[in-house]
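Participant: File name upload.txt; file contents compact mmCIF, C-alpha atoms and all ligand atoms; full text below.
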# COMPACT_ATOMS: atom_id res chain seq x y z
CA MET A 110 142.45 175.42 58.19
CA ASN A 111 144.38 175.21 54.92
CA SER A 112 148.15 175.12 55.19
CA PRO A 113 149.04 178.26 57.11
CA ALA A 114 150.08 181.21 54.97
CA LEU A 115 151.11 183.07 58.02
CA SER A 116 152.13 181.97 61.46
CA ILE A 117 152.94 184.16 64.42
CA THR A 118 154.42 182.62 67.54
CA ASN A 119 154.85 184.44 70.85
CA LEU A 120 155.28 187.74 69.09
CA THR A 121 156.30 190.67 71.30
CA LYS A 122 157.24 194.25 70.55
CA THR A 123 158.64 196.59 73.15
CA PHE A 124 159.32 200.24 72.40
CA PRO A 125 161.95 202.09 74.47
CA GLN A 126 159.25 204.58 75.34
CA ARG A 127 155.60 204.96 74.51
CA ALA A 128 154.81 207.24 71.58
CA GLY A 129 152.11 209.88 71.58
CA HIS A 130 150.68 212.25 74.13
CA ASP A 131 150.57 210.93 77.62
CA GLY A 132 150.00 214.31 79.20
CA PHE A 133 152.24 215.71 81.89
CA LEU A 134 153.49 212.34 83.14
CA GLY A 135 154.35 211.34 79.60
CA SER A 136 156.25 214.55 79.03
CA ILE A 137 158.42 214.10 82.10
CA ARG A 138 158.74 210.34 81.87
CA GLY A 139 162.05 210.63 80.05
CA LEU A 140 163.40 212.72 82.93
CA LEU A 141 162.42 210.27 85.64
CA PRO A 142 164.44 207.22 86.50
CA SER A 143 162.70 204.33 84.73
CA LYS A 144 161.99 201.14 86.62
CA ALA A 145 160.95 199.25 83.53
CA ASP A 146 162.62 198.66 80.25
CA GLY A 147 160.06 200.01 77.85
CA PHE A 148 156.50 199.96 76.71
CA ILE A 149 155.08 196.64 75.55
CA ALA A 150 152.91 197.35 72.50
CA VAL A 151 152.47 193.68 71.50
CA LYS A 152 152.72 190.98 74.08
CA ASN A 153 153.23 187.31 73.39
CA ILE A 154 150.72 186.96 70.56
CA SER A 155 150.31 183.70 68.63
CA PHE A 156 147.94 182.81 65.78
CA GLU A 157 147.93 181.29 62.33
CA ILE A 158 146.14 182.31 59.16
CA GLY A 159 145.37 179.75 56.46
CA ALA A 160 146.12 180.38 52.79
CA GLY A 161 143.12 182.10 51.22
CA GLU A 162 141.62 183.24 54.52
CA ILE A 163 140.44 186.77 55.20
CA VAL A 164 140.85 187.75 58.82
CA GLY A 165 139.84 190.96 60.60
CA LEU A 166 142.48 192.19 63.03
CA LEU A 167 140.52 194.29 65.51
CA GLY A 168 141.04 196.16 68.74
CA PRO A 169 140.57 199.60 70.27
CA ASN A 170 142.93 202.50 69.51
CA GLY A 171 146.46 201.75 70.62
CA ALA A 172 145.81 198.00 70.90
CA GLY A 173 148.88 197.08 68.86
CA LYS A 174 147.28 196.31 65.47
CA SER A 175 149.47 198.52 63.29
CA THR A 176 152.54 197.47 65.26
CA THR A 177 151.68 193.84 64.45
CA VAL A 178 151.14 194.63 60.76
CA LYS A 179 154.45 196.50 60.66
CA MET A 180 156.23 193.43 62.05
CA LEU A 181 154.51 191.20 59.47
CA THR A 182 155.69 193.45 56.67
CA GLY A 183 159.25 193.71 58.01
CA ILE A 184 159.02 197.45 58.76
CA LEU A 185 159.55 196.79 62.48
CA HIS A 186 161.78 194.18 64.10
CA PRO A 187 160.05 191.98 66.67
CA THR A 188 161.53 192.14 70.16
CA ALA A 189 160.78 188.44 70.61
CA GLY A 190 158.88 185.65 68.92
CA GLN A 191 158.70 184.34 65.42
CA ILE A 192 156.88 185.21 62.21
CA ARG A 193 156.70 182.99 59.12
CA ILE A 194 154.89 183.99 55.96
CA HIS A 195 154.82 181.11 53.51
CA GLY A 196 157.98 179.98 55.26
CA LEU A 197 159.75 183.36 55.05
CA ASP A 198 160.99 185.54 57.87
CA PRO A 199 160.00 189.19 57.17
CA ILE A 200 163.33 190.48 58.44
CA LYS A 201 165.81 187.86 57.25
CA ASP A 202 164.05 187.26 53.94
CA ARG A 203 163.04 190.87 53.43
CA THR A 204 163.22 191.03 49.63
CA ALA A 205 161.57 187.69 48.97
CA ASN A 206 158.84 188.55 51.46
CA ALA A 207 158.27 191.95 49.82
CA ARG A 208 157.61 190.18 46.53
CA GLN A 209 154.89 188.00 47.99
CA MET A 210 153.07 190.68 49.97
CA GLY A 211 151.13 193.87 49.38
CA VAL A 212 150.37 196.44 52.04
CA ILE A 213 148.15 199.46 52.46
CA PHE A 214 148.28 201.90 55.33
CA GLY A 215 145.10 203.90 54.77
CA GLN A 216 146.51 206.83 56.72
CA ARG A 217 149.36 207.41 54.31
CA THR A 218 150.27 206.65 50.73
CA GLN A 219 153.14 204.71 49.26
CA LEU A 220 152.79 206.59 45.98
CA TRP A 221 154.98 209.47 44.88
CA TRP A 222 153.22 212.65 45.91
CA ASP A 223 154.11 214.75 42.86
CA LEU A 224 153.81 212.09 40.19
CA PRO A 225 150.67 211.22 38.24
CA VAL A 226 149.21 207.90 39.44
CA ILE A 227 150.15 206.09 36.24
CA ASP A 228 153.82 207.10 36.62
CA SER A 229 153.87 205.81 40.20
CA LEU A 230 152.44 202.51 39.02
CA ASP A 231 155.04 202.31 36.29
CA MET A 232 157.84 202.99 38.82
CA LEU A 233 156.52 200.20 41.02
CA ARG A 234 156.42 197.84 38.04
CA ARG A 235 160.16 198.41 37.62
CA ILE A 236 160.93 198.15 41.33
CA TYR A 237 159.07 194.85 41.66
CA ASP A 238 160.23 193.69 38.26
CA VAL A 239 156.66 192.83 37.25
CA PRO A 240 156.55 191.13 33.82
CA GLU A 241 155.04 193.38 31.16
CA LYS A 242 152.13 191.02 30.48
CA THR A 243 151.17 190.72 34.16
CA TYR A 244 151.40 194.49 34.53
CA ARG A 245 149.12 195.10 31.53
CA GLN A 246 146.57 192.53 32.69
CA ASN A 247 146.51 193.79 36.26
CA LEU A 248 146.41 197.44 35.28
CA ASP A 249 143.48 196.81 32.92
CA ARG A 250 141.63 194.94 35.63
CA PHE A 251 142.28 197.56 38.33
CA ARG A 252 141.36 200.42 35.99
CA HIS A 253 138.05 198.74 35.42
CA VAL A 254 137.17 197.48 38.92
CA LEU A 255 138.56 200.42 40.86
CA GLU A 256 137.51 202.95 38.19
CA LEU A 257 140.93 204.56 37.99
CA ASP A 258 140.67 206.10 34.52
CA GLU A 259 139.33 209.49 35.54
CA PHE A 260 142.42 210.25 37.63
CA LEU A 261 145.27 208.11 36.25
CA ASN A 262 147.03 211.23 34.98
CA VAL A 263 146.46 213.35 38.07
CA PRO A 264 149.33 213.87 40.56
CA VAL A 265 148.74 211.97 43.77
CA ARG A 266 148.68 215.13 45.91
CA ARG A 267 145.56 216.32 44.06
CA LEU A 268 143.53 213.13 44.55
CA SER A 269 140.58 212.83 46.91
CA LEU A 270 141.06 210.35 49.75
CA GLY A 271 138.90 207.68 48.09
CA GLN A 272 140.79 208.08 44.81
CA ARG A 273 144.11 207.89 46.61
CA VAL A 274 143.19 204.68 48.43
CA ARG A 275 142.02 203.11 45.17
CA SER A 276 145.35 204.05 43.56
CA ASP A 277 147.20 202.65 46.56
CA LEU A 278 145.31 199.38 46.25
CA ALA A 279 146.31 199.08 42.60
CA ALA A 280 149.93 199.90 43.51
CA ALA A 281 150.01 197.31 46.30
CA LEU A 282 148.66 194.57 44.07
CA LEU A 283 150.46 195.06 40.76
CA HIS A 284 152.92 192.28 41.48
CA ASP A 285 150.25 189.66 42.32
CA PRO A 286 151.01 189.27 46.04
CA ARG A 287 149.80 186.13 47.84
CA VAL A 288 149.25 187.92 51.11
CA ILE A 289 147.97 191.45 51.66
CA TYR A 290 147.77 193.61 54.75
CA LEU A 291 145.17 196.34 54.74
CA ASP A 292 145.56 198.67 57.69
CA GLU A 293 142.43 200.84 57.79
CA PRO A 294 141.98 200.92 54.02
CA THR A 295 138.65 202.74 54.19
CA VAL A 296 139.39 205.29 56.89
CA GLY A 297 137.74 208.59 55.98
CA VAL A 298 136.50 207.25 52.64
CA ASP A 299 132.91 208.02 51.55
CA ILE A 300 130.25 205.34 51.35
CA SER A 301 130.35 204.69 47.62
CA ALA A 302 134.14 204.49 47.47
CA ARG A 303 134.08 202.25 50.54
CA GLN A 304 131.60 199.96 48.84
CA ARG A 305 133.81 199.73 45.76
CA ILE A 306 136.92 199.01 47.85
CA ARG A 307 135.07 196.40 49.87
CA ASP A 308 133.80 194.59 46.76
CA PHE A 309 137.28 194.65 45.32
CA ILE A 310 138.78 193.13 48.48
CA ARG A 311 136.16 190.42 48.49
CA THR A 312 136.80 189.54 44.85
CA LEU A 313 140.55 189.37 45.43
CA ASN A 314 140.00 186.94 48.23
CA ARG A 315 137.26 184.79 46.67
CA GLU A 316 138.50 184.67 43.11
CA ALA A 317 142.24 185.10 43.32
CA GLY A 318 142.56 183.29 46.68
CA VAL A 319 144.67 186.08 48.16
CA THR A 320 145.18 185.82 51.94
CA ILE A 321 144.06 189.03 53.59
CA VAL A 322 144.64 190.61 56.99
CA LEU A 323 142.27 193.54 57.41
CA THR A 324 142.58 196.07 60.20
CA THR A 325 139.68 198.45 60.58
CA HIS A 326 137.29 200.20 62.93
CA GLU A 327 134.52 199.92 60.34
CA MET A 328 132.39 197.07 61.62
CA ALA A 329 130.32 197.04 58.42
CA ASP A 330 133.49 196.13 56.51
CA VAL A 331 134.32 193.39 58.99
CA GLU A 332 130.83 191.99 58.87
CA ARG A 333 130.76 191.82 55.10
CA LEU A 334 134.29 190.54 54.61
CA CYS A 335 135.57 188.51 57.55
CA GLU A 336 134.26 185.27 58.93
CA ARG A 337 137.07 185.16 61.43
CA ILE A 338 138.35 187.94 63.65
CA VAL A 339 141.38 188.24 65.86
CA VAL A 340 140.95 190.83 68.58
CA ILE A 341 143.86 192.33 70.45
CA ASP A 342 143.68 194.69 73.36
CA ARG A 343 146.58 196.36 75.14
CA GLY A 344 148.92 194.21 73.11
CA GLN A 345 147.36 190.89 74.07
CA LEU A 346 145.27 188.43 72.12
CA HIS A 347 141.77 188.61 73.46
CA TYR A 348 139.64 186.68 70.95
CA ASP A 349 140.28 184.50 67.95
CA GLY A 350 137.24 182.99 66.28
CA SER A 351 134.18 183.58 64.19
CA LEU A 352 132.11 186.70 64.30
CA GLU A 353 129.02 184.54 64.54
CA VAL A 354 130.16 182.72 67.69
CA LEU A 355 131.02 186.05 69.26
CA ARG A 356 127.59 187.37 68.42
CA GLN A 357 125.99 184.33 70.04
CA ARG A 358 128.09 184.79 73.15
CA LEU A 359 127.86 188.54 73.64
CA GLY A 360 124.85 189.67 71.71
CA SER A 361 122.34 188.17 74.07
CA ASN A 362 119.29 190.08 72.82
CA ARG A 363 117.68 189.67 69.42
CA GLU A 364 114.84 191.64 67.96
CA LEU A 365 111.61 190.48 66.35
CA VAL A 366 109.73 192.94 64.18
CA ILE A 367 106.16 191.88 63.42
CA ASP A 368 103.37 193.35 61.35
CA LEU A 369 99.88 192.45 62.55
CA HIS A 370 96.60 192.78 60.72
CA GLU A 371 95.02 194.40 63.76
CA PRO A 372 96.37 197.91 64.56
CA ASN A 373 97.41 198.77 68.15
CA ARG A 374 96.82 195.24 69.36
CA VAL A 375 98.24 194.72 72.87
CA LEU A 376 100.20 191.46 73.00
CA ASP A 377 100.76 189.10 75.86
CA LEU A 378 104.43 188.10 75.73
CA PRO A 379 106.32 185.21 77.35
CA GLU A 380 109.08 185.74 79.96
CA GLY A 381 112.22 187.12 78.33
CA ALA A 382 110.43 189.20 75.69
CA THR A 383 109.58 192.91 75.86
CA VAL A 384 107.90 195.33 73.50
CA ILE A 385 110.31 198.16 72.75
CA ARG A 386 108.24 200.15 70.26
CA THR A 387 104.92 200.10 68.43
CA ALA A 388 103.63 202.05 65.43
CA GLU A 389 100.14 201.18 64.19
CA THR A 390 100.35 197.58 62.97
CA ARG A 391 104.10 197.20 63.54
CA THR A 392 105.64 196.05 66.85
CA TRP A 393 109.32 195.75 67.80
CA ILE A 394 110.05 193.10 70.42
CA GLU A 395 113.37 192.45 72.09
CA PHE A 396 113.94 188.91 73.34
CA GLU A 397 116.68 187.08 75.19
CA ARG A 398 118.51 184.61 72.99
CA HIS A 399 119.17 182.22 75.84
CA ARG A 400 115.58 182.05 77.10
CA LEU A 401 113.50 182.04 73.93
CA THR A 402 113.86 180.92 70.35
CA ALA A 403 112.33 183.00 67.56
CA PRO A 404 109.85 180.20 66.61
CA GLN A 405 108.67 179.94 70.25
CA LEU A 406 108.05 183.67 70.42
CA ILE A 407 106.33 183.75 67.04
CA ALA A 408 104.09 180.80 67.95
CA HIS A 409 103.13 182.56 71.18
CA ILE A 410 102.06 185.67 69.25
CA GLN A 411 100.29 183.72 66.49
CA SER A 412 98.12 182.03 69.10
CA GLN A 413 96.71 185.51 69.91
CA THR A 414 96.38 187.24 66.54
CA ASP A 415 97.21 186.96 62.84
CA VAL A 416 100.74 187.92 61.83
CA ALA A 417 101.03 189.54 58.38
CA ASP A 418 104.82 189.69 58.20
CA LEU A 419 107.88 189.38 60.41
CA SER A 420 111.67 189.62 60.55
CA VAL A 421 114.27 188.70 63.15
CA ARG A 422 117.26 191.00 63.62
CA GLU A 423 120.58 190.10 65.10
CA PRO A 424 122.30 192.54 67.45
CA GLU A 425 124.40 195.20 65.76
CA ILE A 426 127.97 194.05 65.41
CA GLU A 427 129.21 197.37 66.84
CA GLN A 428 127.42 196.54 70.05
CA VAL A 429 128.96 193.06 70.21
CA ILE A 430 132.49 194.34 69.62
CA HIS A 431 132.00 197.11 72.14
CA ARG A 432 131.05 194.50 74.76
CA LEU A 433 134.11 192.47 73.88
CA TYR A 434 136.36 195.50 74.39
CA GLU A 435 134.66 196.21 77.72
CA GLU A 436 135.20 192.61 78.74
CA ALA A 437 138.90 192.92 77.88
CA GLN A 438 139.20 196.14 79.87
CA SER A 439 137.66 194.54 82.92
CA ASP A 440 140.13 191.62 82.87
CA GLU A 441 143.07 191.76 85.25
CA PRO A 442 145.07 194.81 84.21
CA ASN A 443 148.36 193.84 82.60
CA PRO A 444 151.38 195.72 83.79
CA VAL A 445 152.60 197.19 80.55
CA HIS A 446 155.31 199.43 81.91
N1 LIG B 501 157.30 203.85 67.24
C1 LIG B 501 156.71 203.79 68.41
N2 LIG B 501 157.35 204.14 69.55
C2 LIG B 501 156.76 204.08 70.74
N3 LIG B 501 155.48 203.64 70.93
C3 LIG B 501 154.79 203.29 69.85
C4 LIG B 501 155.36 203.34 68.53
N4 LIG B 501 154.40 202.91 67.65
C5 LIG B 501 153.33 202.61 68.39
N5 LIG B 501 153.54 202.84 69.70
C6 LIG B 501 152.59 202.62 70.79
O1 LIG B 501 152.20 201.27 70.76
C7 LIG B 501 150.81 201.13 71.03
C8 LIG B 501 150.14 200.40 69.91
O2 LIG B 501 150.14 201.23 68.76
P1 LIG B 501 149.49 200.77 67.37
O3 LIG B 501 149.75 201.86 66.40
O4 LIG B 501 149.98 199.42 67.04
O5 LIG B 501 147.95 200.73 67.76
P2 LIG B 501 146.70 200.38 66.84
O6 LIG B 501 146.05 199.19 67.41
O7 LIG B 501 147.11 200.35 65.42
O8 LIG B 501 145.75 201.64 67.14
P3 LIG B 501 144.81 202.51 66.16
O9 LIG B 501 143.49 201.81 66.11
O10 LIG B 501 144.70 203.82 66.87
O11 LIG B 501 145.47 202.61 64.82
C9 LIG B 501 150.28 202.54 71.25
O12 LIG B 501 150.23 202.79 72.64
C10 LIG B 501 151.32 203.43 70.59
O13 LIG B 501 151.39 204.68 71.21
MG MG B 502 146.69 201.48 63.75
For the file at hand, write its structure as structure tokens.
Ligand SMILES: Nc1ncnc2c1ncn2[C@@H]1O[C@H](COP(=O)(O)OP(=O)(O)OP(=O)(O)O)[C@@H](O)[C@H]1O
Ligand SMILES: [Mg+2]
Facilitator:
Amino acid sequence: MNSPALSITNLTKTFPQRAGHDGFLGSIRGLLPSKADGFIAVKNISFEIGAGEIVGLLGPNGAGKSTTVKMLTGILHPTAGQIRIHGLDPIKDRTANARQMGVIFGQRTQLWWDLPVIDSLDMLRRIYDVPEKTYRQNLDRFRHVLELDEFLNVPVRRLSLGQRVRSDLAAALLHDPRVIYLDEPTVGVDISARQRIRDFIRTLNREAGVTIVLTTHEMADVERLCERIVVIDRGQLHYDGSLEVLRQRLGSNRELVIDLHEPNRVLDLPEGATVIRTAETRTWIEFERHRLTAPQLIAHIQSQTDVADLSVREPEIEQVIHRLYEEAQSDEPNPVH
């Protein structure tokens, strides 16, 4: 890893009481004598992120992702533990940290609701004290890459969701932050806007070397953007590593799709391989990663008939992440109250 941009050590956040709807018990909890001293949303988490890395922060609903991002940005005070971002403490060095970071919460905007986008951007330029030249350069670039021109003069409240997120991205990045936190930046955004946002994030990371923490439930975004993922579940760190290693570990079945010259040919398959579908000359075969390699399976088939074309598919990333969440749920339950 490069020198860490961000380091989190034994980070914990306890809320006096859990937010949200917990049904009847939740509604009377405040009336009952409490044995515990709060709800632990983030529990003793530690990890580092290198400068220029792009890391996916994943986990099921309520896992503690946004709570973690809020502590990194200085919005929430940690209950215990330490955070350093390029040496700064988000609480003690609040202003200096704000200058080096950008943040997007996809669920809500940081722009002024009644102002045209361009006026919001201009206000932020003053707040962050962005030099005129940097502002011009960045604005020109964002207008082009995020295609902002068609709505720069429209008040934020009249923007579509995709337009609003693109404006928010520009706003969060005007001051050239070194680290950005994107909390569900593409939630509810249509496919073409999502594609544009995703390309933009990738360029920021690859070309400008910006360190990025991305929280999302969109596995396609994770797959295209993040080599490394950090998964939390019920406030605890459950996985920290590459997506590929996770796929190897949990996505045990792969798929071979072959086109044969002979239609409806019945194949003899080795142990660990099963035909899941056929359609004329095409056959879909599922095979166990740990028992067979793709070349072994292909050789076995080629010894019986001519293969015109083939492709090997990896398991869907959704499926892999779903298994990981299930694995976390089946671990010893953690007393969180
Ligand atoms: N201000 C708060 N007061 C009390 N409890 C809170 C507060 N904010 C969050 N929580 C609780 O902490 C837990 C973690 O919430 P958080 O918003 O961090 O989850 P998340 O991983 O971002 O989930 P999602 O994927 O749904 O956005 C949840 O159980 C939530 O209800
Ligand atoms: Mg969240």
Participant: Can you list every residue of chain A that has an atom at most 7 Å from ligand LIG 501 (chain B), with its nearest atom pair and the distance in Å to one decimal, using only C-alpha atoms and all ligand atoms, ordered by chain then number, as CSV?
Facilitator:
residue,atom,partner,partner_atom,distance
A:Phe124,CA,B:LIG501,C2,4.9
A:Pro125,CA,B:LIG501,C2,6.7
A:Gln126,CA,B:LIG501,C2,5.3
A:Arg127,CA,B:LIG501,N3,3.8
A:Ala128,CA,B:LIG501,N3,3.7
A:Gly129,CA,B:LIG501,O13,5.3
A:Phe148,CA,B:LIG501,N3,6.9
A:Ala150,CA,B:LIG501,O1,4.3
A:Gly168,CA,B:LIG501,O6,6.0
A:Pro169,CA,B:LIG501,O9,5.5
A:Asn170,CA,B:LIG501,O10,3.4
A:Gly171,CA,B:LIG501,O5,3.4
A:Ala172,CA,B:LIG501,O6,3.7
A:Gly173,CA,B:LIG501,O4,3.2
A:Lys174,CA,B:LIG501,O6,3.7
A:Ser175,CA,B:LIG501,O7,3.7
A:Thr176,CA,B:LIG501,O4,3.7
A:Thr177,CA,B:LIG501,O4,6.4
Participant: Of the candidates A:Ile385, A:Val375, A:Leu181, A:Leu167, which one gets nearest to ligand MG 502 (chain B) if we count all atoms listed in the file?
Facilitator: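 Closest residue, counting all atoms listed in the file: A:Leu167.
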Participant: Would you list the contacts of Arg287 (chain A) as a PyMOL selection string, taking every protein, DNA or RNA residue within 12 Å and counting only C-alpha atoms, but skipping same-chain residues closer than 4 positions in sequence?
Facilitator: chain A and resi 114-115+159-163+194-195+205-212+281-283+313-314+317-322
Participant: Could you tell me which of A:Gln345, A:Thr414, A:Ser351, A:Thr383 comes closest to His370 (chain A) if we count all atoms listed in the file?
Facilitator: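 The shortest atom-to-atom distance to His370 (chain A) comes from A:Thr414.
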Participant: CA of Met328 (chain A) to CA of Ile426 (chain A): how many Å, to one decimal?
Facilitator: 6.6 Å
Participant: From the set A:Leu278, A:Val296, A:Ile184, A:Leu270, which residue has the shortest atom-to-atom contact distance to ligand MG 502 (chain B), counting all atoms listed in the file?
Facilitator: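 So, comparing all the options, the nearest one is A:Val296.
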Participant: Looking at only C-alpha atoms, which of A:Leu334, A:Ile341, A:Gly165, A:His284 is the one that sits closest to Tyr434 (chain A)?
Facilitator: A:Ile341
Participant: Which is closest to ligand MG 502 (chain B) among A:Glu364, A:Glu293, A:Glu380, A:Glu336, if we use all atoms listed in the file?
Facilitator: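 Ranked by minimum distance to ligand MG 502 (chain B), first place goes to A:Glu293.
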Participant: Would you mind listing what lies within 12 Å of Arg273 (chain A) as an MDAnalysis selection string, with all atoms listed in the file counted and same-chain residues fewer than 6 positions away left out?
Facilitator: chainID A and resid 213:222 225:226 229 255:257 260:261 263:267 279:280 294:298 302 306
Participant: With distances taken over only C-alpha atoms and all ligand atoms, which of A:Thr324, A:Asp258, A:Thr182, A:Asp277 is nearest to ligand MG 502 (chain B)?
Facilitator: A:Thr324
Participant: What does the distance from CA of Leu352 (chain A) to CA of Val178 (chain A) come to in Å, to one decimal?
Facilitator: 20.9 Å
Participant: Could you list as a list in words every residue that has an atom within 8 Å of (110.3, 188.2, 62.0), using the file's coordinates and counting all atoms listed in the file?
Facilitator: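 Output: Leu365, Val366, Ile367, Ala403, Ile407, Asp418, Leu419, Ser420, Val421 and Arg422 of chain A.
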Participant: Could you check how far CA of Phe156 (chain A) sits from CA of Thr118 (chain A), in Å to one decimal?
Facilitator: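 Interatomic distance, CA of Phe156 (chain A) to CA of Thr118 (chain A): 6.7 Å.
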Participant: Up to 6 Å from (147.7, 175.8, 60.2) in the file's coordinates: name the residues, counting all atoms listed in the file, as number ranges by chain.
Facilitator: A: 110, 112-113, 157, 159
Participant: May I have the residues within 9 Å of Leu248 (chain A) as a VMD selection string, using all atoms listed in the file and disregarding those fewer than 3 positions away in the same chain?
Facilitator: chain A and resid 230 243 to 245 251 to 253 279 283
Participant: Complete region 413-433 of chain A with N, CA and C atoms (output as a PDB file, in the frame of the given file).
Facilitator:
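See out.pdb below for the written result:
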ATOM      1  N   GLN A 413      97.594 184.420  69.475  1.00  0.00           N
ATOM      2  CA  GLN A 413      96.710 185.510  69.910  1.00  0.00           C
ATOM      3  C   GLN A 413      96.104 186.281  68.736  1.00  0.00           C
ATOM      4  N   THR A 414      96.867 186.417  67.660  1.00  0.00           N
ATOM      5  CA  THR A 414      96.380 187.240  66.540  1.00  0.00           C
ATOM      6  C   THR A 414      97.104 186.839  65.255  1.00  0.00           C
ATOM      7  N   ASP A 415      96.575 187.292  64.117  1.00  0.00           N
ATOM      8  CA  ASP A 415      97.210 186.960  62.840  1.00  0.00           C
ATOM      9  C   ASP A 415      98.434 187.824  62.582  1.00  0.00           C
ATOM     10  N   VAL A 416      99.511 187.201  62.142  1.00  0.00           N
ATOM     11  CA  VAL A 416     100.740 187.920  61.830  1.00  0.00           C
ATOM     12  C   VAL A 416     100.823 188.066  60.300  1.00  0.00           C
ATOM     13  N   ALA A 417     100.974 189.314  59.834  1.00  0.00           N
ATOM     14  CA  ALA A 417     101.030 189.540  58.380  1.00  0.00           C
ATOM     15  C   ALA A 417     102.442 189.355  57.850  1.00  0.00           C
ATOM     16  N   ASP A 418     103.432 189.794  58.655  1.00  0.00           N
ATOM     17  CA  ASP A 418     104.820 189.690  58.200  1.00  0.00           C
ATOM     18  C   ASP A 418     105.733 189.783  59.412  1.00  0.00           C
ATOM     19  N   LEU A 419     106.955 189.282  59.281  1.00  0.00           N
ATOM     20  CA  LEU A 419     107.880 189.380  60.410  1.00  0.00           C
ATOM     21  C   LEU A 419     109.326 189.306  59.950  1.00  0.00           C
ATOM     22  N   SER A 420     110.235 189.806  60.796  1.00  0.00           N
ATOM     23  CA  SER A 420     111.670 189.620  60.550  1.00  0.00           C
ATOM     24  C   SER A 420     112.391 189.566  61.891  1.00  0.00           C
ATOM     25  N   VAL A 421     113.485 188.804  61.919  1.00  0.00           N
ATOM     26  CA  VAL A 421     114.270 188.700  63.150  1.00  0.00           C
ATOM     27  C   VAL A 421     115.602 189.397  62.891  1.00  0.00           C
ATOM     28  N   ARG A 422     115.988 190.286  63.801  1.00  0.00           N
ATOM     29  CA  ARG A 422     117.260 191.000  63.620  1.00  0.00           C
ATOM     30  C   ARG A 422     118.264 190.577  64.666  1.00  0.00           C
ATOM     31  N   GLU A 423     119.481 190.423  64.193  1.00  0.00           N
ATOM     32  CA  GLU A 423     120.580 190.100  65.100  1.00  0.00           C
ATOM     33  C   GLU A 423     121.108 191.397  65.703  1.00  0.00           C
ATOM     34  N   PRO A 424     121.761 191.314  66.873  1.00  0.00           N
ATOM     35  CA  PRO A 424     122.300 192.540  67.450  1.00  0.00           C
ATOM     36  C   PRO A 424     123.337 193.168  66.533  1.00  0.00           C
ATOM     37  N   GLU A 425     123.414 194.483  66.566  1.00  0.00           N
ATOM     38  CA  GLU A 425     124.400 195.200  65.760  1.00  0.00           C
ATOM     39  C   GLU A 425     125.796 194.728  66.150  1.00  0.00           C
ATOM     40  N   ILE A 426     126.626 194.550  65.141  1.00  0.00           N
ATOM     41  CA  ILE A 426     127.970 194.050  65.410  1.00  0.00           C
ATOM     42  C   ILE A 426     128.791 195.059  66.230  1.00  0.00           C
ATOM     43  N   GLU A 427     128.514 196.345  66.043  1.00  0.00           N
ATOM     44  CA  GLU A 427     129.210 197.370  66.840  1.00  0.00           C
ATOM     45  C   GLU A 427     129.011 197.098  68.334  1.00  0.00           C
ATOM     46  N   GLN A 428     127.772 196.772  68.655  1.00  0.00           N
ATOM     47  CA  GLN A 428     127.420 196.540  70.050  1.00  0.00           C
ATOM     48  C   GLN A 428     128.176 195.325  70.607  1.00  0.00           C
ATOM     49  N   VAL A 429     128.273 194.288  69.786  1.00  0.00           N
ATOM     50  CA  VAL A 429     128.960 193.060  70.210  1.00  0.00           C
ATOM     51  C   VAL A 429     130.445 193.334  70.439  1.00  0.00           C
ATOM     52  N   ILE A 430     131.059 194.049  69.500  1.00  0.00           N
ATOM     53  CA  ILE A 430     132.490 194.340  69.620  1.00  0.00           C
ATOM     54  C   ILE A 430     132.747 195.263  70.808  1.00  0.00           C
ATOM     55  N   HIS A 431     131.863 196.198  71.005  1.00  0.00           N
ATOM     56  CA  HIS A 431     132.000 197.110  72.140  1.00  0.00           C
ATOM     57  C   HIS A 431     131.990 196.314  73.452  1.00  0.00           C
ATOM     58  N   ARG A 432     131.087 195.337  73.539  1.00  0.00           N
ATOM     59  CA  ARG A 432     131.050 194.500  74.760  1.00  0.00           C
ATOM     60  C   ARG A 432     132.333 193.707  74.937  1.00  0.00           C
ATOM     61  N   LEU A 433     132.870 193.240  73.808  1.00  0.00           N
ATOM     62  CA  LEU A 433     134.110 192.470  73.880  1.00  0.00           C
ATOM     63  C   LEU A 433     135.249 193.349  74.408  1.00  0.00           C
TER      64      LEU A 433
END
